[in-house]
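The file upload-v1.txt contains compact mmCIF, C-alpha atoms:
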```
# COMPACT_ATOMS: atom_id res chain seq x y z
CA MET P 16 -48.24 69.81 -63.75
CA GLN P 17 -47.71 67.40 -60.95
CA GLU P 18 -44.13 66.71 -60.07
CA PRO P 19 -43.04 63.08 -60.34
CA VAL P 20 -42.57 61.38 -57.01
CA PHE P 21 -39.44 59.15 -56.46
CA HIS P 22 -39.54 56.45 -53.83
CA ASN P 23 -36.51 54.69 -52.30
CA ALA P 24 -38.01 51.31 -52.74
CA ALA P 25 -36.29 48.30 -51.19
CA PRO P 26 -34.53 46.08 -53.74
CA ASP P 27 -36.30 42.97 -54.76
CA PRO P 28 -34.14 39.97 -53.71
CA SER P 29 -35.50 37.88 -56.49
CA SER P 30 -34.32 40.38 -59.08
CA SER P 31 -30.74 40.53 -57.77
CA SER P 32 -30.15 36.79 -57.27
CA PRO P 33 -29.34 36.08 -60.93
CA HIS P 34 -26.56 38.66 -60.76
CA VAL P 35 -25.24 37.18 -57.55
CA LYS P 36 -25.31 33.72 -59.02
CA LYS P 37 -23.61 34.89 -62.17
CA SER P 38 -20.90 36.67 -60.19
CA PHE P 39 -20.30 33.61 -57.99
CA SER P 40 -20.08 31.32 -61.03
CA SER P 41 -17.56 33.64 -62.70
CA LEU P 42 -15.51 33.64 -59.51
CA LEU P 43 -15.45 29.84 -59.44
CA VAL P 44 -14.34 29.72 -63.08
CA GLU P 45 -11.53 32.21 -62.43
CA TYR P 46 -10.35 30.33 -59.37
CA GLY P 47 -10.55 27.07 -61.29
CA LYS P 48 -8.44 28.47 -64.12
CA THR P 49 -5.85 29.78 -61.65
CA ILE P 50 -5.61 26.45 -59.84
CA LEU P 51 -5.38 24.52 -63.12
CA ILE P 52 -2.62 26.78 -64.49
CA THR P 53 -0.73 26.54 -61.19
CA LEU P 54 -0.95 22.75 -61.16
CA LEU P 55 0.10 22.54 -64.80
CA ALA P 56 3.08 24.82 -64.15
CA ALA P 57 4.08 22.72 -61.13
CA VAL P 58 3.89 19.49 -63.14
CA LEU P 59 5.94 20.98 -66.00
CA LEU P 60 8.55 22.28 -63.56
CA LYS P 61 8.78 18.87 -61.91
CA LEU P 62 9.01 17.01 -65.22
CA PHE P 63 11.54 19.25 -66.94
CA VAL P 64 13.22 21.80 -64.65
CA ILE P 65 13.57 21.03 -60.94
CA GLU P 66 12.56 18.23 -58.64
CA ALA P 67 12.81 17.43 -54.95
CA PHE P 68 14.49 14.25 -53.70
CA ARG P 69 14.95 12.72 -50.25
CA ILE P 70 18.13 10.96 -49.11
CA PRO P 71 17.16 7.49 -47.81
CA SER P 72 20.61 5.93 -47.12
CA THR P 73 24.09 6.64 -45.74
CA SER P 74 25.94 6.11 -49.04
CA MET P 75 26.78 9.82 -49.47
CA GLU P 76 27.74 10.66 -45.88
CA ASN P 77 28.85 13.10 -44.72
CA THR P 78 28.17 15.18 -47.81
CA LEU P 79 24.51 14.22 -47.52
CA HIS P 80 22.62 12.83 -44.53
CA VAL P 81 19.67 10.51 -44.26
CA GLY P 82 16.65 12.80 -44.09
CA ASP P 83 18.10 15.56 -46.27
CA PHE P 84 15.68 16.86 -48.89
CA LEU P 85 17.33 18.16 -52.05
CA VAL P 86 16.54 20.42 -54.97
CA VAL P 87 17.84 18.92 -58.22
CA ASN P 88 18.40 20.85 -61.44
CA LYS P 89 17.00 18.66 -64.21
CA LEU P 90 18.23 21.02 -66.94
CA ALA P 91 21.87 20.76 -65.81
CA PHE P 92 22.82 18.23 -68.48
CA GLY P 93 20.21 19.00 -71.13
CA PHE P 94 16.48 18.94 -71.76
CA ARG P 95 15.02 15.45 -71.50
CA THR P 96 11.48 14.27 -72.01
CA PRO P 97 10.11 11.91 -69.31
CA ARG P 98 11.16 8.27 -69.53
CA TYR P 99 7.92 7.17 -67.84
CA LEU P 100 4.30 8.25 -67.95
CA PRO P 101 3.82 10.44 -64.86
CA LEU P 102 2.63 8.52 -61.76
CA THR P 103 3.06 5.17 -63.56
CA SER P 104 5.84 2.75 -64.48
CA ILE P 105 4.85 2.79 -68.16
CA ALA P 106 7.99 3.48 -70.24
CA LEU P 107 7.93 6.21 -72.87
CA PRO P 108 10.31 6.98 -75.76
CA SER P 109 12.71 9.57 -74.35
CA LEU P 110 14.44 12.42 -76.17
CA THR P 111 17.44 14.35 -74.82
CA ILE P 112 18.51 17.73 -76.18
CA PRO P 113 22.01 18.49 -74.81
CA PHE P 114 22.92 21.98 -73.62
CA PHE P 115 26.35 23.53 -73.36
CA THR P 116 26.97 22.11 -69.89
CA ARG P 117 28.18 18.57 -69.41
CA VAL P 118 28.70 16.26 -66.46
CA ARG P 119 32.00 17.07 -64.79
CA ARG P 120 34.14 14.80 -62.64
CA GLY P 121 33.10 15.41 -59.07
CA ASP P 122 29.50 16.44 -59.81
CA VAL P 123 26.87 15.00 -57.45
CA VAL P 124 24.35 13.49 -59.83
CA VAL P 125 20.85 12.03 -59.52
CA PHE P 126 20.19 9.24 -62.02
CA GLU P 127 17.91 6.34 -62.72
CA PHE P 128 19.40 3.09 -61.41
CA PRO P 129 20.40 0.97 -64.44
CA GLY P 130 19.95 -2.36 -62.63
CA GLY P 131 22.07 -4.85 -60.75
CA ARG P 132 25.25 -6.24 -62.24
CA ASP P 133 23.46 -9.23 -63.75
CA GLU P 134 20.17 -7.48 -64.58
CA VAL P 135 19.34 -6.21 -68.04
CA LYS P 136 16.57 -4.08 -66.53
CA PRO P 137 15.63 -3.48 -62.88
CA ASP P 138 12.27 -4.62 -61.57
CA GLU P 139 11.22 -1.03 -60.82
CA SER P 140 12.42 2.49 -61.55
CA VAL P 141 14.57 3.77 -58.67
CA ASN P 142 16.58 6.99 -58.47
CA TYR P 143 20.10 7.01 -57.01
CA ILE P 144 22.44 9.85 -56.07
CA LYS P 145 26.23 9.45 -56.30
CA ARG P 146 29.33 11.42 -57.23
CA CYS P 147 30.52 11.07 -60.82
CA ILE P 148 34.22 10.20 -60.91
CA GLY P 149 34.51 8.74 -64.42
CA LEU P 150 33.44 10.35 -67.71
CA PRO P 151 33.03 8.57 -71.06
CA GLY P 152 36.46 7.34 -72.20
CA ASP P 153 38.13 7.70 -68.77
CA LYS P 154 40.24 4.97 -67.20
CA VAL P 155 39.16 4.48 -63.57
CA GLU P 156 41.25 2.75 -60.94
CA ILE P 157 41.08 2.46 -57.15
CA ARG P 158 44.23 1.49 -55.27
CA PHE P 159 44.14 1.13 -51.48
CA GLY P 160 41.04 3.30 -51.42
CA LEU P 161 42.53 6.12 -53.52
CA VAL P 162 40.81 6.92 -56.82
CA ARG P 163 42.88 7.51 -59.95
CA VAL P 164 41.35 8.70 -63.19
CA ASN P 165 43.55 8.53 -66.28
CA GLY P 166 46.51 7.96 -63.97
CA ILE P 167 45.87 11.12 -61.88
CA GLU P 168 44.77 10.82 -58.27
CA MET P 169 41.42 12.48 -57.50
CA SER P 170 41.08 14.42 -54.27
CA PHE P 171 38.72 12.86 -51.75
CA PRO P 172 35.35 14.64 -51.36
CA PRO P 173 35.78 17.28 -48.64
CA LEU P 174 32.96 15.90 -46.49
CA GLY P 175 33.16 12.27 -47.59
CA ARG P 176 33.67 9.46 -45.09
CA GLN P 177 37.10 7.88 -45.44
CA THR P 178 37.33 4.11 -45.84
CA SER P 179 38.13 2.23 -42.65
CA HIS P 180 39.99 -0.59 -44.42
CA PRO P 181 42.36 0.92 -47.03
CA THR P 182 44.30 -2.32 -47.50
CA GLY P 183 41.15 -4.17 -48.50
CA LEU P 184 42.50 -7.52 -47.33
CA PRO P 185 39.77 -8.87 -45.02
CA TRP P 186 36.92 -7.25 -46.91
CA GLN P 187 37.46 -8.45 -50.45
CA ARG P 188 34.27 -9.81 -52.03
CA ASN P 189 35.48 -10.41 -55.55
CA SER P 190 32.44 -12.38 -56.74
CA GLU P 191 30.15 -9.40 -56.06
CA PHE P 192 31.89 -6.77 -58.14
CA PHE P 193 31.40 -5.48 -61.66
CA PRO P 194 32.23 -6.76 -64.17
CA GLU P 195 31.39 -10.40 -63.64
CA GLY P 196 34.53 -12.53 -63.52
CA SER P 197 36.81 -9.68 -62.42
CA ASN P 198 39.16 -9.97 -59.46
CA PHE P 199 38.27 -6.53 -58.08
CA SER P 200 37.44 -5.38 -54.55
CA ASP P 201 35.91 -2.20 -53.15
CA VAL P 202 39.30 -0.61 -52.36
CA ASN P 203 41.40 -2.26 -55.08
CA TYR P 204 39.37 -1.90 -58.23
CA GLY P 205 40.19 -1.72 -61.91
CA PRO P 206 41.69 -0.35 -64.03
CA LEU P 207 38.52 -0.19 -66.08
CA ASN P 208 37.67 1.97 -69.10
CA VAL P 209 34.38 3.86 -68.98
CA PRO P 210 32.56 3.16 -72.29
CA LYS P 211 32.26 5.98 -74.79
CA ARG P 212 29.98 6.22 -77.83
CA GLY P 213 31.83 4.89 -80.85
CA ASP P 214 34.36 2.83 -78.88
CA THR P 215 34.81 -0.77 -79.98
CA LEU P 216 34.69 -3.80 -77.70
CA ARG P 217 36.58 -6.96 -78.59
CA LEU P 218 34.32 -9.99 -78.25
CA ASP P 219 35.34 -13.58 -77.70
CA PRO P 220 34.40 -16.29 -75.18
CA SER P 221 36.77 -14.75 -72.59
CA THR P 222 35.08 -11.32 -72.73
CA PHE P 223 31.52 -12.58 -73.20
CA VAL P 224 30.86 -12.83 -69.45
CA GLN P 225 32.05 -9.27 -68.91
CA TRP P 226 30.02 -7.59 -71.66
CA HIS P 227 26.90 -9.63 -72.40
CA VAL P 228 24.60 -7.77 -69.96
CA PHE P 229 26.03 -4.41 -71.10
CA ILE P 230 25.22 -5.21 -74.75
CA GLU P 231 21.75 -6.47 -73.85
CA ARG P 232 21.11 -3.16 -72.04
CA GLU P 233 21.89 -1.41 -75.32
CA GLY P 234 18.97 -3.29 -76.85
CA HIS P 235 20.54 -6.36 -78.47
CA THR P 236 20.48 -10.10 -78.00
CA ILE P 237 23.84 -11.77 -77.52
CA GLU P 238 24.87 -15.38 -77.08
CA CYS P 239 27.96 -17.53 -77.26
CA GLN P 240 27.73 -20.67 -79.42
CA ASP P 241 30.74 -22.92 -79.97
CA SER P 242 33.20 -20.07 -79.28
CA THR P 243 31.29 -17.77 -81.66
CA ILE P 244 29.63 -14.60 -80.39
CA LEU P 245 26.25 -13.88 -81.97
CA ILE P 246 24.68 -10.42 -81.69
CA ASP P 247 21.10 -10.34 -82.96
CA GLY P 248 21.87 -13.69 -84.58
CA ILE P 249 24.93 -12.43 -86.52
CA ALA P 250 28.47 -13.64 -85.78
CA CYS P 251 30.59 -10.74 -84.42
CA SER P 252 34.09 -10.33 -83.07
CA THR P 253 33.60 -6.66 -82.12
CA TYR P 254 30.82 -4.41 -80.88
CA ARG P 255 30.49 -0.65 -81.39
CA ILE P 256 29.19 1.14 -78.27
CA GLN P 257 26.04 3.21 -78.88
CA ARG P 258 25.87 5.46 -75.79
CA ASN P 259 28.11 7.41 -73.42
CA TYR P 260 28.47 6.11 -69.88
CA TYR P 261 29.55 7.34 -66.44
CA PHE P 262 31.18 5.78 -63.39
CA MET P 263 29.60 6.72 -60.02
CA LEU P 264 30.88 6.40 -56.45
CA GLY P 265 29.33 7.16 -53.08
CA ASP P 266 31.15 9.53 -50.73
CA ASN P 267 30.81 6.94 -47.95
CA ARG P 268 32.58 4.18 -49.85
CA ASP P 269 32.32 1.58 -47.09
CA SER P 270 28.53 1.75 -47.31
CA SER P 271 27.71 2.49 -50.93
CA MET P 272 26.32 0.28 -53.65
CA ASP P 273 27.69 2.06 -56.70
CA SER P 274 29.38 1.47 -60.06
CA ARG P 275 31.88 -0.88 -58.42
CA TYR P 276 28.99 -3.30 -57.89
CA TRP P 277 26.57 -2.76 -60.78
CA GLY P 278 28.50 -1.00 -63.55
CA PHE P 279 28.10 2.10 -65.66
CA VAL P 280 25.30 4.67 -65.86
CA PRO P 281 24.16 5.43 -69.45
CA GLU P 282 23.75 9.08 -70.40
CA ASP P 283 20.00 8.78 -70.95
CA HIS P 284 19.58 7.71 -67.30
CA LEU P 285 20.92 11.01 -65.94
CA ILE P 286 18.25 13.09 -64.19
CA GLY P 287 20.10 16.15 -62.97
CA GLU P 288 22.63 17.77 -60.66
CA ALA P 289 21.98 18.09 -56.93
CA LEU P 290 21.96 21.79 -55.95
CA PHE P 291 21.18 22.34 -52.28
CA VAL P 292 19.43 21.00 -49.18
CA TYR P 293 16.08 22.73 -48.66
CA TRP P 294 14.98 20.69 -45.62
CA SER P 295 16.48 18.15 -43.23
CA TRP P 296 15.21 16.17 -40.26
CA ASP P 297 15.19 12.70 -38.75
CA THR P 298 12.96 10.56 -40.93
CA GLU P 299 12.85 7.78 -38.31
CA VAL P 300 10.72 9.90 -35.96
CA PRO P 301 7.02 9.60 -36.90
CA VAL P 302 5.07 12.73 -37.80
CA THR P 303 2.47 11.73 -35.22
CA SER P 304 5.00 12.74 -32.54
CA LEU P 305 4.95 16.31 -33.81
CA SER P 306 6.94 18.00 -31.05
CA GLU P 307 9.65 15.34 -31.17
CA LYS P 308 9.67 15.46 -34.97
CA LEU P 309 10.11 19.24 -35.00
CA SER P 310 12.96 18.95 -32.51
CA THR P 311 14.93 16.87 -35.05
CA ILE P 312 14.98 19.64 -37.69
CA ARG P 313 18.61 20.25 -38.70
CA TRP P 314 18.53 24.00 -39.16
CA ASN P 315 22.24 24.10 -40.00
CA ARG P 316 21.61 21.82 -43.03
CA ILE P 317 18.87 23.95 -44.62
CA GLY P 318 20.28 25.92 -47.54
CA THR P 319 23.52 23.89 -47.67
CA LEU P 320 25.04 23.85 -51.17
CA ILE P 321 26.02 20.38 -52.37
CA ARG P 322 29.66 20.19 -53.40
```

structure tokens encoding of this file:
Amino acid sequence: MQEPVFHNAAPDPSSSSPHVKKSFSSLLVEYGKTILITLLAAVLLKLFVIEAFRIPSTSMENTLHVGDFLVVNKLAFGFRTPRYLPLTSIALPSLTIPFFTRVRRGDVVVFEFPGGRDEVKPDESVNYIKRCIGLPGDKVEIRFGLVRVNGIEMSFPPLGRQTSHPTGLPWQRNSEFFPEGSNFSDVNYGPLNVPKRGDTLRLDPSTFVQWHVFIEREGHTIECQDSTILIDGIACSTYRIQRNYYFMLGDNRDSSMDSRYWGFVPEDHLIGEALFVYWSWDTEVPVTSLSEKLSTIRWNRIGTLIR
């Protein structure tokens, strides 16, 4: 019987190409899945957990510097669904689920700007960062640049920039300050009670100017007709506050547009607590001048905890 003969024949390229193509297609699918999951995880983290912010102004010097980039804990004060459709200005119904932690006096907080003193709603959504010095129900007062809350003087932020005009005499701009019609200044302000959910406001023609924008921001119409206050068309002498609010100040109080100018921050505008600086450099230097840009990196700021 003749033995079978085995030949080491060269592989036929045409016969292997389907396997190569199949393997390459599988690889693309796997990579695609990995990239998609990574992007989805990044979006979810940004929407609900942490987010990066850049400091654009001097209002928090010297605690924070222009060009600092921050990590913000968005779960610090509870879980909140987005107020806007991502990458758009389209408003969405927002839900907040509070956790055990609350805003504390002295926390550095990122929040959505509620609007100017006389605005019911700002033209665009802008995020601010300030230090919370007044909680719901607190009585806030500034005398000669010193902050008192409920009659107790608050210590000045350790790295904050002290006011250069503690007497406030030449710098008073009473017509600019919140609330409208008050005789306050930046260094002699209040006393003013921070609104708390369930508190009652007394309404009459003398208080209408002070509270009409506040009540409109809570979603009502209000007008004064012949000494009668109408809320949603119904005559009222009182108003029951629907949300908790906070009073915010910048650490550089000579150069900070804060609650002294535009009022209280509602609880549903809180975004999170500033944690630490992850990057810092001079934002005025263009990236096109790479060597000069790199020379402005503030290595001593990177990793700085925000207190």

Check the smallest atom-to-atom distance from each of P:Glu288, P:Asp297, P:Glu231, P:Asp273 to Gly121 (chain P) using all atoms listed in the file, then report the winner.
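Of all the options, P:Glu288 lies closest to Gly121 (chain P).
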
Could you tell me which of P:Arg212, P:Arg217, P:Arg275, P:Arg176 comes closest to Arg132 (chain P) if we count all atoms listed in the file?
P:Arg275

Go ahead and find all residues with at least one atom no further than 10 Å from (26.4, -15.9, -76.3) in the file's coordinates, using only C-alpha atoms; report them as a list in words.
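Protein, DNA and RNA residues close to (26.4, -15.9, -76.3): Asp219, Pro220, Phe223, Val224, His227, Thr236, Ile237, Glu238, Cys239, Gln240, Asp241, Ser242, Thr243, Ile244, Leu245, Ile246, Gly248 and Ala250 of chain P.
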
Okay, now the selection with C-alpha atoms, as a short mmCIF file (atom, residue, chain, number, x, y, z; two decimals), keeping the file's coordinate frame?
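selection00.cif, freshly written:
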```
data_model
loop_
_atom_site.label_atom_id
_atom_site.label_comp_id
_atom_site.auth_asym_id
_atom_site.auth_seq_id
_atom_site.Cartn_x
_atom_site.Cartn_y
_atom_site.Cartn_z
CA ASP P 219 35.34 -13.58 -77.70
CA PRO P 220 34.40 -16.29 -75.18
CA PHE P 223 31.52 -12.58 -73.20
CA VAL P 224 30.86 -12.83 -69.45
CA HIS P 227 26.90 -9.63 -72.40
CA THR P 236 20.48 -10.10 -78.00
CA ILE P 237 23.84 -11.77 -77.52
CA GLU P 238 24.87 -15.38 -77.08
CA CYS P 239 27.96 -17.53 -77.26
CA GLN P 240 27.73 -20.67 -79.42
CA ASP P 241 30.74 -22.92 -79.97
CA SER P 242 33.20 -20.07 -79.28
CA THR P 243 31.29 -17.77 -81.66
CA ILE P 244 29.63 -14.60 -80.39
CA LEU P 245 26.25 -13.88 -81.97
CA ILE P 246 24.68 -10.42 -81.69
CA GLY P 248 21.87 -13.69 -84.58
CA ALA P 250 28.47 -13.64 -85.78
#
```

If I take CA of Tyr99 (chain P) and CA of Arg322 (chain P), how far is one from the other in Å, to one decimal?
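CA of Arg322 (chain P) lies 29.2 Å from CA of Tyr99 (chain P).
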
Near-Thr116 (chain P) list (9 Å; all atoms listed in the file; drop same-chain fewer than 5 positions) as a list of chain:residue names
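Answer for this query is P:Ala91, P:Phe92, P:Gly93.
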
Quick one: distance from CA of Phe193 (chain P) to CA of Tyr254 (chain P) in Å, one decimal?
19.3 Å

So which one's closest to Gly130 (chain P), P:Gly318, P:Ser271, P:Trp277, P:His235? Using only C-alpha atoms, please.
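Among the listed residues, the smallest separation from Gly130 (chain P) belongs to P:Trp277.
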
Do a neighbour search on Leu309 (chain P) at 9 Å with only C-alpha atoms, toss out local chain neighbours closer than 5 positions, and write the hits as a ChimeraX atom specification.
/P:296,302,304

Sort by chain and increasing residue number a table of all residues of region 212-269 of chain P within 10 Å of region 137-147 of chain P, each with its closest pair of atoms and their distance in Å to one decimal, counting all atoms listed in the file, and write it as a Markdown table.
```
| residue | atom | partner | partner_atom | distance |
| --- | --- | --- | --- | --- |
| P:Tyr261 | CA | P:Cys147 | CA | 6.8 |
| P:Phe262 | CA | P:Cys147 | CA | 5.9 |
| P:Met263 | CA | P:Cys147 | CA | 4.5 |
| P:Leu264 | CA | P:Arg146 | CA | 5.3 |
| P:Gly265 | CA | P:Lys145 | CA | 5.0 |
| P:Asp266 | CA | P:Arg146 | CA | 7.0 |
| P:Asn267 | CA | P:Lys145 | CA | 9.8 |
```

Okay, now the selection with C-alpha atoms, as a tab-separated table (two decimals), keeping the file's coordinate frame?
```
chain	number	residue	atom	x	y	z
P	261	TYR	CA	29.55	7.34	-66.44
P	262	PHE	CA	31.18	5.78	-63.39
P	263	MET	CA	29.60	6.72	-60.02
P	264	LEU	CA	30.88	6.40	-56.45
P	265	GLY	CA	29.33	7.16	-53.08
P	266	ASP	CA	31.15	9.53	-50.73
P	267	ASN	CA	30.81	6.94	-47.95
```

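Near Ile321 (chain P), within 9 Å and counting all atoms listed in the file, sit Thr78, Leu79, Leu85, Val123, Ala289, Leu290, Phe291 and Val292 of chain P; same-chain residues fewer than 3 positions away were not included.
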
Could you tell me how far CA of Ile286 (chain P) lies from CA of Arg232 (chain P), in Å and to one decimal?
18.3 Å

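Neighbourhood of point (20.6, 17.0, -42.3): residues with an atom at most 6 Å away, counting all atoms listed in the file, are P:His80, P:Asp83, P:Ser295, P:Trp296, P:Arg313, P:Arg316.
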
Identify, on the basis of only C-alpha atoms, every residue whose closest approach to Val81 (chain P) does not exceed 8 Å; exclude the query and any residue fewer than 6 positions from it along the same chain; express the result as a VMD selection string.
chain P and resid 69 to 73 297 to 298

Excluding same-chain residues fewer than 4 positions from region 278-280 of chain P, what lies within 10 Å of it counting only C-alpha atoms, as an NGL selection string?
:P and (126-133 or 147 or 149 or 151 or 192-195 or 209-210 or 229 or 258-263 or 273-274 or 284-285)
